[in-house]
Every structure is written in C-alpha cells, then in structure tokens.
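Working notes, beginning with the structure itself.
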Amino acid sequence: MKRFTRLLAAVALIIPICLTELTAQAANHVSALDAAKSNEEITVKHYGDEEDSNYSFRLKRTEHSTCTWTDASGIKNPKLYHQTGSGVERWGQMVTSDAQKGKISCYLTNMGSYKGKNTNLRITFTDWAAYRSESGERYYPLLGVAFSKTNDLYGLSFSDIWYEAKLEILDDQGRPLGVDMTYRAEDLDYGQVFGVKQSDHPSGVAIPEDSRVYYIERDGFYYFYADNVNSEEYDKDSVQVQYKNTSSFSLRVGGGVAFPGSFTYSKYANEKIKNDYERFNKYLIGEPSADVSDQMGVMIGWIAGSAKGYGPFSPPKPTKTVSKTEVHGSEAYEYKINFKVPECQPADYYDKLVMTDTLPAAITADEVEVYDADNVKDVSGYFTIQTDRGTQDKITVSVKDTSSDWLYGRTFEVKIKVHKRPEYVFGNSNVVSNQASLSMDNETPEKSNKVQTSFYYQITTEVQNGNITASNLKVPAGGSMDITYSPLTNYYLKSITVDKKAMDLDTYKSKYSFTKINADHHIKVVYAKNPVITITKEVTGKWDEFGTPTFLFKIEGTDFRGVKHTYYEALSIPEQFADNGVYRKAFTLNIPAGKWTVSEVAVSRYKQTGIKEVQNGIVSGQTVQLNTQDYDTAKATFCNQITTYQNFSHNDLEINEFGK
C-alpha cells in the first residue's frame with residue numbers, strides 16, 4: 001500500500017450537483033484504476049484480497065448496543081424509525097425542515113472492544129442543502145445507520161441526498177479513541193458519490209482491479225463514484241480507505257435512488273423498489289417491521305468491512321488481584337481473575353477457553369465462582385469449574401459453549417476464595433506468589449500478572465506490676481520474636497505463662513524468645529510485691545554490764561514454687577535496758593513468697609515466754625507459721641525473760657552463720 005499523500009492533484013474537474021450531469025460527463029473523468037496504472041498514488045488490489053492486517057480495528061453491533069438519536073434543533077416529535085428486516089436492522093430519522101441542518105447525531109454504544117476498552121461511535125450528519133424535485137417541491141432527507149445481522153458490518157443509510165457525516169470513535173468513557181482502521185465504501189452504484197476529507201490524512205486508498213470507479217478532487221475532498229445502475233453486476237466498484245491512529249474522520253455521500261417526487265425516481269427506480277418504498281413508508285414513525293426489503297434506500301460504507309485480513313484476535317490477557325496483601329494466619333481472602341473476551345464474528349469464535357490457577361502450597365480453595373463483571377451477575381452456570389485437590393490445589397474454569405455469541409464482548413471475573421492450610425508450616429519466607437493463565441484453543445496461554453500475599457501471626461503480651469514488650473505485634477509467619485520484661489521496684493517474678501503453659505522462672509528471668517512462629521501466641525508475666533517478714537524480740541529483765549545478749553532464729557519452709565529453704569537470722573541487743581526492764585528490737589527478712597515456720601534457737605539465760613502480735617500467721621507451741629504466699633507481709637513478736645545471772649558471761653559472743 002502506497003502512502004496517500006495526495007491524489008491526482010492535476011485533475012481539477014468538478015462534481016456536478018445533479019446525477020444526470022455526473023453521468024453524462026463520466027467519460028471525461030479519470031478512472032481510479034487508470035490512475036493507479038499510471039503510477040498515481042492509488043493502489044490496485046484483487047477483488048476479495050485480504051485487507052491490510054495492520055489496520056485491525058473494527059466495530060460490531062453487540063446485543064448490548066444502543067442507538068440514540070439527538071436532535072438539537074428543537075423540533076417537536078422528530079420522526080424516528082426503527083426497522084428490522086431480512087438480515088438488516090436500521091435506525092433513522094426524517095429531516096423535516098432546514099432548521100434541523102447540522103444538528104442531528106446518532107450515538108451508538110457497545111460497538112465492540114479495542115485494546116480492552118468498550119467502544120462507542122458518534123455520527124453527526126451535517127451540511128445538507130435544500131433539495132427540490134423536478135416539479136419544484138422541497139424535499140428533505142432520511143438519514144440513518146444500518147447493521148447487518150449476519151456480518152461484522154454497519155453502514156450509513158440515506159435516501160436521495162448529499163450530506164456530510166462526521167464519525168467519531170470513543171472509548172467507554174466518551175473520550176476520543178485513536179485506532180488504526182479501514183473504512184470501505186462497498187459497491188458504489190446508482191450514481192453514488194463517496195467523498196474522503198483530505199485533512200483527515202488517510203494513510204492509504206485502494207480499489208479492486210477491473211473496477212469502474214472514477215476519481216476527482218473538489219472542496220477539500222477526494223471523490224469517488226461509479227457510473228452503473230445494476231448493483232448486482234458490479235460489486236468491484238468499491239473503495240477502501242485506511243486511517244492510522246485516528247479517532248474521527250468525515251465522509252460525504254451523494255446520489256442514490258430518490259424517494260417519489262424527486263427527478264431521479266422515475267429514471268432509476270424499478271417497480272420492485274417502488275413497491276418496497278410503499279411498504280417502507282408506513283413504518284417511518286418508529287413501528288418495527290419484519291418484512292422490509294433491504295433494497296430500500298442505499299447504504300454506503302462499512303467500518304473495517306468483513307473480518308478478512310485481520311487475522312486472529314489478540315487473546316484476552318487476564319489480570320489478577322488479591323483482596324488482602326497481608327493475611328493473618330488462616331483467615332479467608334479472595335483472588336480475582338478478570339479477562340475480557342473480545343467482540344468477534346462466528347468465524348473467529350474460540351474452540352475452547354480455559355482459565356487455570358495453581359494455588360501456592362500454603363493455601364487451599366474454599367469456593368470458585370464466575371461473574372459477569374460488567375453486570376455483577378453470577379454466571380457460573382455457563383462454565384465448568386473444577387478443583388483438583390493435592391499438594392497444590394489446581395483450579396480449572398472452562399467455558400461450556402464457546403459457540404454461543406453470549407460469550408463475546410463480555411468481561412468475566414473469576415473469584416477464588418481461599419485460606420491457609422492448617423497443617424502448612426512456613427519456613428524461610430512468609431510470602432506466597434500466585435499467577436493465573438488463560439488458554440484459547442491451542443495458543444500459548446496468556447499469563448496474568450503475579451500477585452503476592454504475606455502471612456503473619458500476632459504475639460499478644462500481658463504483664464502485672466512490671467513492663468513488657470508491646471502487645472499485638474505482627475510477626476512474619478515462620479519468623480522469630482524476643483519478648484522482654486522487667487518488674488516494678490520492690491516486685492519479684494512470680495509467674496510466666498506462654499499460651500497458658502507455665503514456664504521455668506530461672507530459665508526465662510527477663511526474656512522469652514518465640515521462634516519459627518506458625519500460630520498466634522500469648523505471653524503473660526506476673527510480678528508480685530516482695531513480701532516482708534518482721535520478727536520482733538521483746539526481752540524483760542536486767543543484767544550486769546558485762547555482755548551483749550544475742551538471739552538466733554531459724555526460718556524454714558517452702559516457697560511459692562514448691563522449693564524448700566532454710567534461713568537463719570541473729571539479733572543482738574547491745575543497748576542497756578531501760579529502767580522498766582523491757583527492751584524491744586526487730587529485724588526484717590526479704591525472702592521468697594511462701595509459707596515459713598519461724599522458731600527461736602534456745603539460749604541459756606533467757607527463756608521464751610511466748611509469741612504475740614502475730615499477723616498473717618498461726619502460733620504453734622514455740623513456733624509461728626507465717627504466710628507470705630498469700631500476703632505481702634507477716635509479723636510475730638517473740639518474748640523472752642532473763643532467768644539467771646550466775647555462771648554466765650556476756651562478753652564473749654560467737655555466732656555461727658548458715659547459708660541461706
């Protein structure tokens with residue numbers, strides 16, 4: 001295909017306004033085929049050759065397509081029509097006055113897909129002149145669009161009118177969408193004229209060999225037309241125009257079979273067409289008809305024509321998302337795989353369409369569903385869904401019937417609900433990676449993007465009368481965490497429990513380490529106030545000033561952990577007794593919480609006369625049992641009285657100390 005920089009600039013003939021003049025002067029015009037053979041910039045192709053596959057955009061009316069007519073002229077009750085006939089469906093509007101000039105447009109939605117986007121088409125009809133019949137009667141045109149029900153084709157329909165139509169290709173948000181595409185004016189006949197706007201910069205023009213198409217330039221347009229009447233005989237009288245990265249272009253069309261009252265009607269309309277018109281006329285108000293001939297009026301031009309030359313569609317590429325990028329333990333989450341099946345005609349339908357997703361070994365599938373993503377509707381019934389259980393679950397979702405046109409043009413979303421396998425143990429990494437694939441026929445599967453999910457567990461901490469590492473810590477699955485703790489002043493470590501199990505206090509005095517974490521954990525540390533035992537000695541009696549009386553106490557029992565201990569403590573009274581002969585002195589013990597039996601080792605000159613002032617204890621004979629396991633303090637007073645003063649010396653003291 002040669003670049004179409006200009007077309008026959010030396011030819012400056014003018015298209016006549018009426019069809020009779022156009023036909024009479026056809027012999028003086030340059031045939032497009034002759035121009036091509038003269039090395040002008042029009043390419044000749046064999047009729048039926050495939051189109052250039054580089055220009056792959058095409059439109060196709062889907063079952064969701066709509067056609068909206070907009071009349072901004074203020075005309076009340078515009079005459080709209082909707083026809084259904086043998087193989088063709090048309091929408092259109094009658095122009096009833098000059099006031100409507102340039103203000104009618106047709107907006108077509110859901111016209112297929114391009115690069116993953118739904119496409120829309122807006123056609124604005126402009127710039128028509130008042131038209132009169134031979135008898136001087138004013139005539140206004142009928143404008144419309146027509147769709148083939150069997151092929152990927154659509155066309156502009158008109159009757160006996162010269163008009164310009166601007167076509168705009170838009171995405172699903174109504175924004176211009178640049179495409180590479182082919183526009184083909186099929187089967188120029190009945191004196192039809194097809195104009196291509198020069199400023200739209202078409203990248204190429206082609207006609208079939210043995211075509212009788214003629215060519216001229218005028219008013220900024222390249223015009224093509226053919227001088228024939230029998231459309232069934234000259235299918236080769238066609239023009240193909242290619243555009244690159246365009247979102248809008250303008251065309252002009254003219255001529256065609258006239259409605260009754262125009263001067264061309266009697267010359268070109270045969271009896272069948274006249275009969276067709278009579279039936280067609282009564283449906284102009286919008287009533288549908290199942291029996292309307294597709295020969296009424298004319299249609300010119302198809303965007304992208306047939307599917308030939310475009311090759312297989314690019315297979316849909318799936319995209320994958322995950323509902324959570326961080327997952328706590330075995331909580332459920334969801335994978336979503338989205339893909340759009342492109343619009344295409346039956347010749348391009350798939351033989352099979354299969355999505356597969358092999359889950360990471362760490363997780364297992366709970367449920368698989370398929371949704372129509374555009375309508376948020378469960379369509380699982382149209383698919384065969386299979387989950388193969390094993391070391392890794394494999395999900396297979398395949399279309400039951402790929403020959404159904406319901407499938408094409410839709411966006412689907414596969415939802416896979418999953419959770420972590422209870423028996424799975426994370427090691428060096430807590431991250432799992434996942435990727436889906438979509439297979440069409442025997443093509444290489446298209447793979448989705450990879451999504452990653454990290455797993456974590458929580459360490460909760462609790463402390464009484466102390467400080468500890470913060471609670472609710474997120475720890476990567478399989479990881480480690482050190483928990484440190486310390487007491488408040490005058491408190492001791494009483495207990496450590498991990499997941500309600502008691503830990504050894506000597507082993508974990510200030511720190512506990514969690515390793516290879518594959519579950520939530522809770523650690524509780526309890527500090528208790530250091531208990532105090534107070535022993536008071538009360539002595540009654542005088543002695544000579546030649547010695548210091550000393551008393552020895554034995555404390556034995558079992559601490560709160562069940563460990564037995566024996567302690568000894570001495571108390572001396574060096575001071576002189578008061579005149580009343582009574583002296584008191586006390587000492588305190590900081591020993592582990594427990595239950596302790598306190599007794600006084602007998603001395604020679606002082607006899608024990610009793611135990612009084614007991615707090616949190618029980619007197620038993622010459623001993624007292626004090627409880628610091630359940631109480632922070634315990635007290636007792638041991639009473640002694642001097643019994644003899646002979647044969648004893650107070651100036652020699654020996655104390656034996658025993659290890660605690």
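Identifiers for the structure tokens are assigned positionally: chains receive A, B, ... in sequence, residues are indexed from 1 per chain, and ligands are indexed from 1 in the order shown.
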
*Using DSSP on the backbone coordinates, identify all residues within segment 406-463 of chain A classified as strand (DSSP E); present the result as number ranges by chain.*
A: 411-420, 431-434, 436-440, 446-447, 451-463

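Of note, atom CA of Phe125 of chain A and atom CA of Thr84 of chain A are spaced 22.3 Å apart.
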
*In terms of the shortest atom-to-atom distance over only C-alpha atoms, which of A:Val418, A:Met440, A:Val193, A:Met111 is closest to His64 of chain A?*
A:Met111

_Near-Asp171 of chain A list (6 Å; only C-alpha atoms; drop same-chain fewer than 6 positions) as a PyMOL selection string_ = chain A and resi 118-120+177

*Mind checking which residues fall within 9 Å of Gln629 of chain A, counting only C-alpha atoms, ignoring those fewer than 5 positions away in the same chain, and posting them as a VMD selection string?*
chain A and resid 531 559 to 560 592 to 595

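Proximity of A:Leu589, A:Leu488, A:Val532, A:Val598 to Thr628 of chain A, computed with only C-alpha atoms, is greatest for A:Val532.
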
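Compared by their closest atoms to Ser203 of chain A, and using only C-alpha atoms, the residues A:Asp237, A:Asp187, A:Asp372, A:Glu41 rank with A:Glu41 nearest.
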
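When only C-alpha atoms are used to compute distances to Val196 of chain A, the closest of the residues A:Val241, A:Ala362, A:Ala602, A:Val526 turns out to be A:Val241.
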
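Across A:Lys450, A:Ala586, A:Glu168, A:Phe553, the tightest approach to Val603 of chain A is made by A:Phe553 when counting only C-alpha atoms.
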